[in-house]
$ cat coords.pdb   # PDB, N, CA and C atoms, pLDDT in the B column
ATOM      1  N   MET B  11     112.290-111.713 175.749  1.00 78.00           N
ATOM      2  CA  MET B  11     111.225-111.436 176.700  1.00 78.00           C
ATOM      3  C   MET B  11     110.854-112.748 177.389  1.00 78.00           C
ATOM      4  N   ASN B  12     110.796-112.699 178.716  1.00 86.00           N
ATOM      5  CA  ASN B  12     110.473-113.923 179.443  1.00 86.00           C
ATOM      6  C   ASN B  12     108.963-114.164 179.466  1.00 86.00           C
ATOM      7  N   PRO B  13     108.544-115.380 179.806  1.00 88.00           N
ATOM      8  CA  PRO B  13     107.116-115.715 179.784  1.00 88.00           C
ATOM      9  C   PRO B  13     106.274-114.833 180.707  1.00 88.00           C
ATOM     10  N   TYR B  14     106.844-114.390 181.811  1.00 87.00           N
ATOM     11  CA  TYR B  14     106.094-113.539 182.743  1.00 87.00           C
ATOM     12  C   TYR B  14     105.782-112.181 182.124  1.00 87.00           C
ATOM     13  N   GLU B  15     106.664-111.683 181.307  1.00 83.00           N
ATOM     14  CA  GLU B  15     106.399-110.422 180.620  1.00 83.00           C
ATOM     15  C   GLU B  15     105.256-110.577 179.625  1.00 83.00           C
ATOM     16  N   TRP B  16     105.182-111.726 178.962  1.00 88.00           N
ATOM     17  CA  TRP B  16     104.067-111.977 178.040  1.00 88.00           C
ATOM     18  C   TRP B  16     102.743-111.973 178.803  1.00 88.00           C
ATOM     19  N   ILE B  17     102.748-112.563 179.989  1.00 89.00           N
ATOM     20  CA  ILE B  17     101.544-112.553 180.823  1.00 89.00           C
ATOM     21  C   ILE B  17     101.179-111.119 181.185  1.00 89.00           C
ATOM     22  N   GLY B  18     102.175-110.321 181.528  1.00 83.00           N
ATOM     23  CA  GLY B  18     101.943-108.907 181.846  1.00 83.00           C
ATOM     24  C   GLY B  18     101.359-108.143 180.682  1.00 83.00           C
ATOM     25  N   TYR B  19     101.918-108.349 179.489  1.00 85.00           N
ATOM     26  CA  TYR B  19     101.387-107.666 178.307  1.00 85.00           C
ATOM     27  C   TYR B  19      99.968-108.119 177.980  1.00 85.00           C
ATOM     28  N   ALA B  20      99.690-109.419 178.132  1.00 90.00           N
ATOM     29  CA  ALA B  20      98.331-109.920 177.867  1.00 90.00           C
ATOM     30  C   ALA B  20      97.345-109.331 178.868  1.00 90.00           C
ATOM     31  N   ALA B  21      97.713-109.322 180.148  1.00 87.00           N
ATOM     32  CA  ALA B  21      96.836-108.741 181.176  1.00 87.00           C
ATOM     33  C   ALA B  21      96.630-107.256 180.919  1.00 87.00           C
ATOM     34  N   ALA B  22      97.687-106.552 180.573  1.00 85.00           N
ATOM     35  CA  ALA B  22      97.600-105.120 180.296  1.00 85.00           C
ATOM     36  C   ALA B  22      96.683-104.844 179.110  1.00 85.00           C
ATOM     37  N   THR B  23      96.802-105.643 178.072  1.00 89.00           N
ATOM     38  CA  THR B  23      95.966-105.463 176.882  1.00 89.00           C
ATOM     39  C   THR B  23      94.492-105.673 177.209  1.00 89.00           C
ATOM     40  N   LEU B  24      94.186-106.733 177.926  1.00 92.00           N
ATOM     41  CA  LEU B  24      92.787-107.033 178.249  1.00 92.00           C
ATOM     42  C   LEU B  24      92.168-106.009 179.185  1.00 92.00           C
ATOM     43  N   THR B  25      92.881-105.626 180.237  1.00 88.00           N
ATOM     44  CA  THR B  25      92.299-104.670 181.181  1.00 88.00           C
ATOM     45  C   THR B  25      92.164-103.288 180.565  1.00 88.00           C
ATOM     46  N   THR B  26      93.105-102.904 179.737  1.00 88.00           N
ATOM     47  CA  THR B  26      93.019-101.604 179.069  1.00 88.00           C
ATOM     48  C   THR B  26      91.898-101.618 178.036  1.00 88.00           C
ATOM     49  N   ALA B  27      91.815-102.667 177.254  1.00 92.00           N
ATOM     50  CA  ALA B  27      90.781-102.767 176.223  1.00 92.00           C
ATOM     51  C   ALA B  27      89.377-102.781 176.823  1.00 92.00           C
ATOM     52  N   SER B  28      89.255-103.191 178.071  1.00 90.00           N
ATOM     53  CA  SER B  28      87.928-103.241 178.690  1.00 90.00           C
ATOM     54  C   SER B  28      87.306-101.853 178.839  1.00 90.00           C
ATOM     55  N   PHE B  29      88.097-100.789 178.787  1.00 85.00           N
ATOM     56  CA  PHE B  29      87.563 -99.432 178.917  1.00 85.00           C
ATOM     57  C   PHE B  29      87.124 -98.844 177.582  1.00 85.00           C
ATOM     58  N   ILE B  30      87.523 -99.434 176.499  1.00 91.00           N
ATOM     59  CA  ILE B  30      87.170 -98.894 175.189  1.00 91.00           C
ATOM     60  C   ILE B  30      85.657 -98.889 174.950  1.00 91.00           C
ATOM     61  N   PRO B  31      84.924 -99.967 175.245  1.00 93.00           N
ATOM     62  CA  PRO B  31      83.477 -99.919 175.023  1.00 93.00           C
ATOM     63  C   PRO B  31      82.774 -98.814 175.829  1.00 93.00           C
ATOM     64  N   GLN B  32      83.204 -98.612 177.067  1.00 90.00           N
ATOM     65  CA  GLN B  32      82.578 -97.562 177.881  1.00 90.00           C
ATOM     66  C   GLN B  32      82.881 -96.184 177.314  1.00 90.00           C
ATOM     67  N   ALA B  33      84.127 -95.945 176.946  1.00 89.00           N
ATOM     68  CA  ALA B  33      84.499 -94.656 176.354  1.00 89.00           C
ATOM     69  C   ALA B  33      83.738 -94.442 175.048  1.00 89.00           C
ATOM     70  N   TRP B  34      83.629 -95.477 174.235  1.00 93.00           N
ATOM     71  CA  TRP B  34      82.914 -95.361 172.964  1.00 93.00           C
ATOM     72  C   TRP B  34      81.434 -95.038 173.193  1.00 93.00           C
ATOM     73  N   GLN B  35      80.835 -95.690 174.190  1.00 93.00           N
ATOM     74  CA  GLN B  35      79.425 -95.422 174.473  1.00 93.00           C
ATOM     75  C   GLN B  35      79.230 -93.979 174.943  1.00 93.00           C
ATOM     76  N   VAL B  36      80.131 -93.469 175.757  1.00 92.00           N
ATOM     77  CA  VAL B  36      80.031 -92.081 176.213  1.00 92.00           C
ATOM     78  C   VAL B  36      80.179 -91.130 175.022  1.00 92.00           C
ATOM     79  N   ILE B  37      81.107 -91.423 174.133  1.00 91.00           N
ATOM     80  CA  ILE B  37      81.290 -90.584 172.935  1.00 91.00           C
ATOM     81  C   ILE B  37      80.021 -90.604 172.088  1.00 91.00           C
ATOM     82  N   ARG B  38      79.483 -91.792 171.879  1.00 95.00           N
ATOM     83  CA  ARG B  38      78.328 -91.961 170.994  1.00 95.00           C
ATOM     84  C   ARG B  38      77.047 -91.374 171.562  1.00 95.00           C
ATOM     85  N   THR B  39      76.798 -91.614 172.851  1.00 94.00           N
ATOM     86  CA  THR B  39      75.515 -91.219 173.430  1.00 94.00           C
ATOM     87  C   THR B  39      75.571 -89.911 174.221  1.00 94.00           C
ATOM     88  N   ARG B  40      76.770 -89.509 174.635  1.00 92.00           N
ATOM     89  CA  ARG B  40      76.955 -88.332 175.494  1.00 92.00           C
ATOM     90  C   ARG B  40      76.168 -88.477 176.803  1.00 92.00           C
ATOM     91  N   ASP B  41      75.941 -89.729 177.226  1.00 93.00           N
ATOM     92  CA  ASP B  41      75.177 -90.016 178.435  1.00 93.00           C
ATOM     93  C   ASP B  41      76.092 -90.638 179.483  1.00 93.00           C
ATOM     94  N   THR B  42      76.220 -89.989 180.621  1.00 92.00           N
ATOM     95  CA  THR B  42      77.048 -90.505 181.711  1.00 92.00           C
ATOM     96  C   THR B  42      76.251 -90.667 183.005  1.00 92.00           C
ATOM     97  N   ARG B  43      74.937 -90.553 182.932  1.00 92.00           N
ATOM     98  CA  ARG B  43      74.109 -90.601 184.138  1.00 92.00           C
ATOM     99  C   ARG B  43      74.276 -91.891 184.935  1.00 92.00           C
ATOM    100  N   SER B  44      74.484 -92.992 184.268  1.00 92.00           N
ATOM    101  CA  SER B  44      74.572 -94.267 184.984  1.00 92.00           C
ATOM    102  C   SER B  44      75.974 -94.546 185.530  1.00 92.00           C
ATOM    103  N   LEU B  45      76.923 -93.667 185.271  1.00 92.00           N
ATOM    104  CA  LEU B  45      78.292 -93.874 185.740  1.00 92.00           C
ATOM    105  C   LEU B  45      78.475 -93.263 187.123  1.00 92.00           C
ATOM    106  N   SER B  46      79.207 -93.945 187.960  1.00 94.00           N
ATOM    107  CA  SER B  46      79.460 -93.483 189.322  1.00 94.00           C
ATOM    108  C   SER B  46      80.657 -92.527 189.335  1.00 94.00           C
ATOM    109  N   LEU B  47      80.415 -91.272 189.723  1.00 95.00           N
ATOM    110  CA  LEU B  47      81.495 -90.296 189.811  1.00 95.00           C
ATOM    111  C   LEU B  47      82.546 -90.705 190.842  1.00 95.00           C
ATOM    112  N   PRO B  48      82.157 -91.114 192.060  1.00 95.00           N
ATOM    113  CA  PRO B  48      83.192 -91.530 193.021  1.00 95.00           C
ATOM    114  C   PRO B  48      84.031 -92.713 192.524  1.00 95.00           C
ATOM    115  N   MET B  49      83.384 -93.648 191.837  1.00 94.00           N
ATOM    116  CA  MET B  49      84.122 -94.801 191.322  1.00 94.00           C
ATOM    117  C   MET B  49      85.149 -94.362 190.289  1.00 94.00           C
ATOM    118  N   TYR B  50      84.734 -93.540 189.316  1.00 92.00           N
ATOM    119  CA  TYR B  50      85.670 -93.122 188.264  1.00 92.00           C
ATOM    120  C   TYR B  50      86.760 -92.215 188.804  1.00 92.00           C
ATOM    121  N   ALA B  51      86.450 -91.369 189.785  1.00 96.00           N
ATOM    122  CA  ALA B  51      87.473 -90.509 190.387  1.00 96.00           C
ATOM    123  C   ALA B  51      88.503 -91.350 191.132  1.00 96.00           C
ATOM    124  N   THR B  52      88.034 -92.313 191.908  1.00 97.00           N
ATOM    125  CA  THR B  52      88.931 -93.191 192.656  1.00 97.00           C
ATOM    126  C   THR B  52      89.748 -94.069 191.719  1.00 97.00           C
ATOM    127  N   PHE B  53      89.086 -94.625 190.730  1.00 95.00           N
ATOM    128  CA  PHE B  53      89.771 -95.485 189.770  1.00 95.00           C
ATOM    129  C   PHE B  53      90.853 -94.715 189.018  1.00 95.00           C
ATOM    130  N   THR B  54      90.535 -93.515 188.567  1.00 96.00           N
ATOM    131  CA  THR B  54      91.492 -92.712 187.811  1.00 96.00           C
ATOM    132  C   THR B  54      92.709 -92.385 188.670  1.00 96.00           C
ATOM    133  N   ALA B  55      92.491 -92.047 189.933  1.00 97.00           N
ATOM    134  CA  ALA B  55      93.614 -91.789 190.838  1.00 97.00           C
ATOM    135  C   ALA B  55      94.462 -93.049 191.016  1.00 97.00           C
ATOM    136  N   GLY B  56      93.808 -94.187 191.145  1.00 96.00           N
ATOM    137  CA  GLY B  56      94.534 -95.455 191.278  1.00 96.00           C
ATOM    138  C   GLY B  56      95.366 -95.777 190.047  1.00 96.00           C
ATOM    139  N   VAL B  57      94.802 -95.542 188.873  1.00 96.00           N
ATOM    140  CA  VAL B  57      95.540 -95.794 187.624  1.00 96.00           C
ATOM    141  C   VAL B  57      96.747 -94.868 187.533  1.00 96.00           C
ATOM    142  N   ALA B  58      96.587 -93.621 187.945  1.00 97.00           N
ATOM    143  CA  ALA B  58      97.721 -92.692 187.933  1.00 97.00           C
ATOM    144  C   ALA B  58      98.832 -93.196 188.860  1.00 97.00           C
ATOM    145  N   LEU B  59      98.445 -93.722 190.007  1.00 97.00           N
ATOM    146  CA  LEU B  59      99.445 -94.278 190.925  1.00 97.00           C
ATOM    147  C   LEU B  59     100.120 -95.521 190.341  1.00 97.00           C
ATOM    148  N   TRP B  60      99.334 -96.377 189.696  1.00 96.00           N
ATOM    149  CA  TRP B  60      99.922 -97.551 189.036  1.00 96.00           C
ATOM    150  C   TRP B  60     100.910 -97.122 187.955  1.00 96.00           C
ATOM    151  N   LEU B  61     100.567 -96.078 187.225  1.00 96.00           N
ATOM    152  CA  LEU B  61     101.480 -95.570 186.200  1.00 96.00           C
ATOM    153  C   LEU B  61     102.778 -95.105 186.850  1.00 96.00           C
ATOM    154  N   GLY B  62     102.687 -94.346 187.928  1.00 97.00           N
ATOM    155  CA  GLY B  62     103.887 -93.918 188.641  1.00 97.00           C
ATOM    156  C   GLY B  62     104.710 -95.100 189.137  1.00 97.00           C
ATOM    157  N   TYR B  63     104.035 -96.122 189.642  1.00 97.00           N
ATOM    158  CA  TYR B  63     104.706 -97.336 190.105  1.00 97.00           C
ATOM    159  C   TYR B  63     105.444 -98.023 188.951  1.00 97.00           C
ATOM    160  N   GLY B  64     104.767 -98.134 187.810  1.00 95.00           N
ATOM    161  CA  GLY B  64     105.394 -98.749 186.643  1.00 95.00           C
ATOM    162  C   GLY B  64     106.607 -97.969 186.177  1.00 95.00           C
ATOM    163  N   VAL B  65     106.519 -96.648 186.197  1.00 97.00           N
ATOM    164  CA  VAL B  65     107.660 -95.812 185.802  1.00 97.00           C
ATOM    165  C   VAL B  65     108.817 -96.031 186.774  1.00 97.00           C
ATOM    166  N   ALA B  66     108.526 -96.066 188.073  1.00 98.00           N
ATOM    167  CA  ALA B  66     109.567 -96.276 189.078  1.00 98.00           C
ATOM    168  C   ALA B  66     110.279 -97.617 188.870  1.00 98.00           C
ATOM    169  N   LEU B  67     109.513 -98.634 188.476  1.00 96.00           N
ATOM    170  CA  LEU B  67     110.088 -99.972 188.245  1.00 96.00           C
ATOM    171  C   LEU B  67     110.628-100.146 186.829  1.00 96.00           C
ATOM    172  N   GLN B  68     110.330 -99.202 185.961  1.00 94.00           N
ATOM    173  CA  GLN B  68     110.646 -99.312 184.540  1.00 94.00           C
ATOM    174  C   GLN B  68     110.034-100.590 183.946  1.00 94.00           C
ATOM    175  N   ALA B  69     108.797-100.854 184.339  1.00 89.00           N
ATOM    176  CA  ALA B  69     108.069-102.045 183.905  1.00 89.00           C
ATOM    177  C   ALA B  69     107.131-101.650 182.768  1.00 89.00           C
ATOM    178  N   TRP B  70     107.560-101.920 181.545  1.00 86.00           N
ATOM    179  CA  TRP B  70     106.816-101.452 180.377  1.00 86.00           C
ATOM    180  C   TRP B  70     105.384-101.945 180.275  1.00 86.00           C
ATOM    181  N   PRO B  71     105.068-103.193 180.640  1.00 84.00           N
ATOM    182  CA  PRO B  71     103.652-103.585 180.583  1.00 84.00           C
ATOM    183  C   PRO B  71     102.790-102.711 181.498  1.00 84.00           C
ATOM    184  N   ILE B  72     103.294-102.392 182.685  1.00 89.00           N
ATOM    185  CA  ILE B  72     102.547-101.554 183.621  1.00 89.00           C
ATOM    186  C   ILE B  72     102.454-100.125 183.107  1.00 89.00           C
ATOM    187  N   ILE B  73     103.542 -99.613 182.566  1.00 92.00           N
ATOM    188  CA  ILE B  73     103.571 -98.237 182.053  1.00 92.00           C
ATOM    189  C   ILE B  73     102.607 -98.062 180.892  1.00 92.00           C
ATOM    190  N   ILE B  74     102.720 -98.920 179.899  1.00 90.00           N
ATOM    191  CA  ILE B  74     101.893 -98.784 178.691  1.00 90.00           C
ATOM    192  C   ILE B  74     100.411 -98.944 179.016  1.00 90.00           C
ATOM    193  N   ALA B  75     100.095-100.006 179.756  1.00 90.00           N
ATOM    194  CA  ALA B  75      98.686-100.268 180.073  1.00 90.00           C
ATOM    195  C   ALA B  75      98.083 -99.123 180.863  1.00 90.00           C
ATOM    196  N   ASN B  76      98.782 -98.651 181.854  1.00 94.00           N
ATOM    197  CA  ASN B  76      98.205 -97.618 182.702  1.00 94.00           C
ATOM    198  C   ASN B  76      98.234 -96.247 182.048  1.00 94.00           C
ATOM    199  N   ALA B  77      99.149 -95.985 181.153  1.00 96.00           N
ATOM    200  CA  ALA B  77      99.119 -94.720 180.410  1.00 96.00           C
ATOM    201  C   ALA B  77      97.881 -94.668 179.522  1.00 96.00           C
ATOM    202  N   VAL B  78      97.612 -95.744 178.807  1.00 93.00           N
ATOM    203  CA  VAL B  78      96.428 -95.790 177.935  1.00 93.00           C
ATOM    204  C   VAL B  78      95.149 -95.788 178.771  1.00 93.00           C
ATOM    205  N   THR B  79      95.116 -96.595 179.828  1.00 93.00           N
ATOM    206  CA  THR B  79      93.939 -96.647 180.683  1.00 93.00           C
ATOM    207  C   THR B  79      93.688 -95.294 181.340  1.00 93.00           C
ATOM    208  N   LEU B  80      94.751 -94.598 181.737  1.00 95.00           N
ATOM    209  CA  LEU B  80      94.589 -93.282 182.342  1.00 95.00           C
ATOM    210  C   LEU B  80      93.929 -92.305 181.378  1.00 95.00           C
ATOM    211  N   VAL B  81      94.338 -92.343 180.123  1.00 95.00           N
ATOM    212  CA  VAL B  81      93.718 -91.465 179.121  1.00 95.00           C
ATOM    213  C   VAL B  81      92.230 -91.785 178.992  1.00 95.00           C
ATOM    214  N   LEU B  82      91.891 -93.057 178.889  1.00 92.00           N
ATOM    215  CA  LEU B  82      90.493 -93.457 178.747  1.00 92.00           C
ATOM    216  C   LEU B  82      89.683 -93.114 180.007  1.00 92.00           C
ATOM    217  N   ALA B  83      90.229 -93.419 181.177  1.00 93.00           N
ATOM    218  CA  ALA B  83      89.517 -93.148 182.418  1.00 93.00           C
ATOM    219  C   ALA B  83      89.355 -91.644 182.640  1.00 93.00           C
ATOM    220  N   LEU B  84      90.397 -90.871 182.333  1.00 95.00           N
ATOM    221  CA  LEU B  84      90.296 -89.410 182.454  1.00 95.00           C
ATOM    222  C   LEU B  84      89.239 -88.856 181.522  1.00 95.00           C
ATOM    223  N   PHE B  85      89.192 -89.378 180.306  1.00 93.00           N
ATOM    224  CA  PHE B  85      88.172 -88.936 179.355  1.00 93.00           C
ATOM    225  C   PHE B  85      86.780 -89.185 179.924  1.00 93.00           C
ATOM    226  N   ILE B  86      86.546 -90.407 180.396  1.00 92.00           N
ATOM    227  CA  ILE B  86      85.232 -90.752 180.941  1.00 92.00           C
ATOM    228  C   ILE B  86      84.930 -89.887 182.165  1.00 92.00           C
ATOM    229  N   LEU B  87      85.907 -89.703 183.046  1.00 94.00           N
ATOM    230  CA  LEU B  87      85.708 -88.885 184.236  1.00 94.00           C
ATOM    231  C   LEU B  87      85.392 -87.440 183.865  1.00 94.00           C
ATOM    232  N   LEU B  88      86.131 -86.883 182.929  1.00 95.00           N
ATOM    233  CA  LEU B  88      85.882 -85.502 182.516  1.00 95.00           C
ATOM    234  C   LEU B  88      84.509 -85.352 181.862  1.00 95.00           C
ATOM    235  N   MET B  89      84.101 -86.338 181.077  1.00 92.00           N
ATOM    236  CA  MET B  89      82.769 -86.298 180.476  1.00 92.00           C
ATOM    237  C   MET B  89      81.699 -86.403 181.567  1.00 92.00           C
ATOM    238  N   LYS B  90      81.933 -87.224 182.580  1.00 92.00           N
ATOM    239  CA  LYS B  90      80.990 -87.347 183.685  1.00 92.00           C
ATOM    240  C   LYS B  90      80.866 -86.006 184.404  1.00 92.00           C
ATOM    241  N   LEU B  91      81.991 -85.341 184.645  1.00 95.00           N
ATOM    242  CA  LEU B  91      81.960 -84.032 185.312  1.00 95.00           C
ATOM    243  C   LEU B  91      81.270 -82.985 184.441  1.00 95.00           C
ATOM    244  N   ARG B  92      81.482 -83.065 183.148  1.00 92.00           N
ATOM    245  CA  ARG B  92      80.911 -82.075 182.225  1.00 92.00           C
ATOM    246  C   ARG B  92      79.423 -82.299 181.979  1.00 92.00           C
ATOM    247  N   LEU B  93      79.043 -83.566 181.784  1.00 88.00           N
ATOM    248  CA  LEU B  93      77.667 -83.874 181.402  1.00 88.00           C
ATOM    249  C   LEU B  93      76.779 -84.239 182.597  1.00 88.00           C
ATOM    250  N   GLY B  94      77.390 -84.587 183.701  1.00 79.00           N
ATOM    251  CA  GLY B  94      76.589 -84.930 184.898  1.00 79.00           C
ATOM    252  C   GLY B  94      76.199 -86.302 184.947  1.00 79.00           C
TER     253      GLY B  94
END
$ encode --input "coords.pdb" --output "structure tokens"
Amino acid sequence: MNPYEWIGYAAATLTTASFIPQAWQVIRTRDTRSLSLPMYATFTAGVALWLGYGVALQAWPIIIANAVTLVLALFILLMKLRLG
């Protein structure tokens, strides 16, 4: 693995992990009032596109990070739609 791939994996880990606290708070409190629906809808669509881009390039750091982030973002978005 070249050094640039390590940078990709580190960036992917940090950006993906940044969604865990928000998802955990939504699970724990069931409160999504302070979350922006347009932001999460737009972000989730963007992550899905990044995932498609990573698959097209066969770039595993992009694929793994965006697959996990998509699950977390979709969860938060669906909870926002469900709970308001």
$ resolve_selection --input "coords.pdb" --expression "the PyMOL selection byres ((chain B and resi 70-82) around 8)" --output "ChimeraX atom specification"
/B:15,17-23,25-27,29-30,32-33,53-55,57-58,60-65,67-69,83-88
$ write_last_selection --input "coords.pdb" --atoms "N, CA and C atoms" --output "CSV table (one decimal), in the coordinates of the input"
chain,number,residue,atom,x,y,z
B,15,GLU,N,106.7,-111.7,181.3
B,15,GLU,CA,106.4,-110.4,180.6
B,15,GLU,C,105.3,-110.6,179.6
B,17,ILE,N,102.7,-112.6,180.0
B,17,ILE,CA,101.5,-112.6,180.8
B,17,ILE,C,101.2,-111.1,181.2
B,18,GLY,N,102.2,-110.3,181.5
B,18,GLY,CA,101.9,-108.9,181.8
B,18,GLY,C,101.4,-108.1,180.7
B,19,TYR,N,101.9,-108.3,179.5
B,19,TYR,CA,101.4,-107.7,178.3
B,19,TYR,C,100.0,-108.1,178.0
B,20,ALA,N,99.7,-109.4,178.1
B,20,ALA,CA,98.3,-109.9,177.9
B,20,ALA,C,97.3,-109.3,178.9
B,21,ALA,N,97.7,-109.3,180.1
B,21,ALA,CA,96.8,-108.7,181.2
B,21,ALA,C,96.6,-107.3,180.9
B,22,ALA,N,97.7,-106.6,180.6
B,22,ALA,CA,97.6,-105.1,180.3
B,22,ALA,C,96.7,-104.8,179.1
B,23,THR,N,96.8,-105.6,178.1
B,23,THR,CA,96.0,-105.5,176.9
B,23,THR,C,94.5,-105.7,177.2
B,25,THR,N,92.9,-105.6,180.2
B,25,THR,CA,92.3,-104.7,181.2
B,25,THR,C,92.2,-103.3,180.6
B,26,THR,N,93.1,-102.9,179.7
B,26,THR,CA,93.0,-101.6,179.1
B,26,THR,C,91.9,-101.6,178.0
B,27,ALA,N,91.8,-102.7,177.3
B,27,ALA,CA,90.8,-102.8,176.2
B,27,ALA,C,89.4,-102.8,176.8
B,29,PHE,N,88.1,-100.8,178.8
B,29,PHE,CA,87.6,-99.4,178.9
B,29,PHE,C,87.1,-98.8,177.6
B,30,ILE,N,87.5,-99.4,176.5
B,30,ILE,CA,87.2,-98.9,175.2
B,30,ILE,C,85.7,-98.9,175.0
B,32,GLN,N,83.2,-98.6,177.1
B,32,GLN,CA,82.6,-97.6,177.9
B,32,GLN,C,82.9,-96.2,177.3
B,33,ALA,N,84.1,-95.9,176.9
B,33,ALA,CA,84.5,-94.7,176.4
B,33,ALA,C,83.7,-94.4,175.0
B,53,PHE,N,89.1,-94.6,190.7
B,53,PHE,CA,89.8,-95.5,189.8
B,53,PHE,C,90.9,-94.7,189.0
B,54,THR,N,90.5,-93.5,188.6
B,54,THR,CA,91.5,-92.7,187.8
B,54,THR,C,92.7,-92.4,188.7
B,55,ALA,N,92.5,-92.0,189.9
B,55,ALA,CA,93.6,-91.8,190.8
B,55,ALA,C,94.5,-93.0,191.0
B,57,VAL,N,94.8,-95.5,188.9
B,57,VAL,CA,95.5,-95.8,187.6
B,57,VAL,C,96.7,-94.9,187.5
B,58,ALA,N,96.6,-93.6,187.9
B,58,ALA,CA,97.7,-92.7,187.9
B,58,ALA,C,98.8,-93.2,188.9
B,60,TRP,N,99.3,-96.4,189.7
B,60,TRP,CA,99.9,-97.6,189.0
B,60,TRP,C,100.9,-97.1,188.0
B,61,LEU,N,100.6,-96.1,187.2
B,61,LEU,CA,101.5,-95.6,186.2
B,61,LEU,C,102.8,-95.1,186.8
B,62,GLY,N,102.7,-94.3,187.9
B,62,GLY,CA,103.9,-93.9,188.6
B,62,GLY,C,104.7,-95.1,189.1
B,63,TYR,N,104.0,-96.1,189.6
B,63,TYR,CA,104.7,-97.3,190.1
B,63,TYR,C,105.4,-98.0,189.0
B,64,GLY,N,104.8,-98.1,187.8
B,64,GLY,CA,105.4,-98.7,186.6
B,64,GLY,C,106.6,-98.0,186.2
B,65,VAL,N,106.5,-96.6,186.2
B,65,VAL,CA,107.7,-95.8,185.8
B,65,VAL,C,108.8,-96.0,186.8
B,67,LEU,N,109.5,-98.6,188.5
B,67,LEU,CA,110.1,-100.0,188.2
B,67,LEU,C,110.6,-100.1,186.8
B,68,GLN,N,110.3,-99.2,186.0
B,68,GLN,CA,110.6,-99.3,184.5
B,68,GLN,C,110.0,-100.6,183.9
B,69,ALA,N,108.8,-100.9,184.3
B,69,ALA,CA,108.1,-102.0,183.9
B,69,ALA,C,107.1,-101.6,182.8
B,83,ALA,N,90.2,-93.4,181.2
B,83,ALA,CA,89.5,-93.1,182.4
B,83,ALA,C,89.4,-91.6,182.6
B,84,LEU,N,90.4,-90.9,182.3
B,84,LEU,CA,90.3,-89.4,182.5
B,84,LEU,C,89.2,-88.9,181.5
B,85,PHE,N,89.2,-89.4,180.3
B,85,PHE,CA,88.2,-88.9,179.4
B,85,PHE,C,86.8,-89.2,179.9
B,86,ILE,N,86.5,-90.4,180.4
B,86,ILE,CA,85.2,-90.8,180.9
B,86,ILE,C,84.9,-89.9,182.2
B,87,LEU,N,85.9,-89.7,183.0
B,87,LEU,CA,85.7,-88.9,184.2
B,87,LEU,C,85.4,-87.4,183.9
B,88,LEU,N,86.1,-86.9,182.9
B,88,LEU,CA,85.9,-85.5,182.5
B,88,LEU,C,84.5,-85.4,181.9
$ closest_residue --input "coords.pdb" --among "B:Ala66, B:Leu93, B:Leu24, B:Leu59" --to "Asp41 of chain B" --atoms "all atoms listed in the file"
B:Leu93
$ select_by_dssp --input "coords.pdb" --residues "chain B" --states "helix (DSSP H, G or I)" --output "ChimeraX atom specification"
/B:13-27,30-39,47-67,70-93
$ atom_distance --input "coords.pdb" --atom1 "atom CA of Ala51 of chain B" --atom2 "atom CA of Gly94 of chain B"
13.4 Å
$ atom_distance --input "coords.pdb" --atom1 "atom N of Ser28 of chain B" --atom2 "atom C of Met49 of chain B"
15.6 Å
$ atom_distance --input "coords.pdb" --atom1 "atom CA of Arg38 of chain B" --atom2 "atom CA of Gly56 of chain B"
26.2 Å
$ axis_aligned_box --input "coords.pdb" --around "segment 82-94 of chain B" --padding-each-side "5 Å" --output "lines of an AutoDock Vina configuration file"
center_x = 84.0
center_y = -87.8
center_z = 182.0
size_x = 25.7
size_y = 21.4
size_z = 16.6
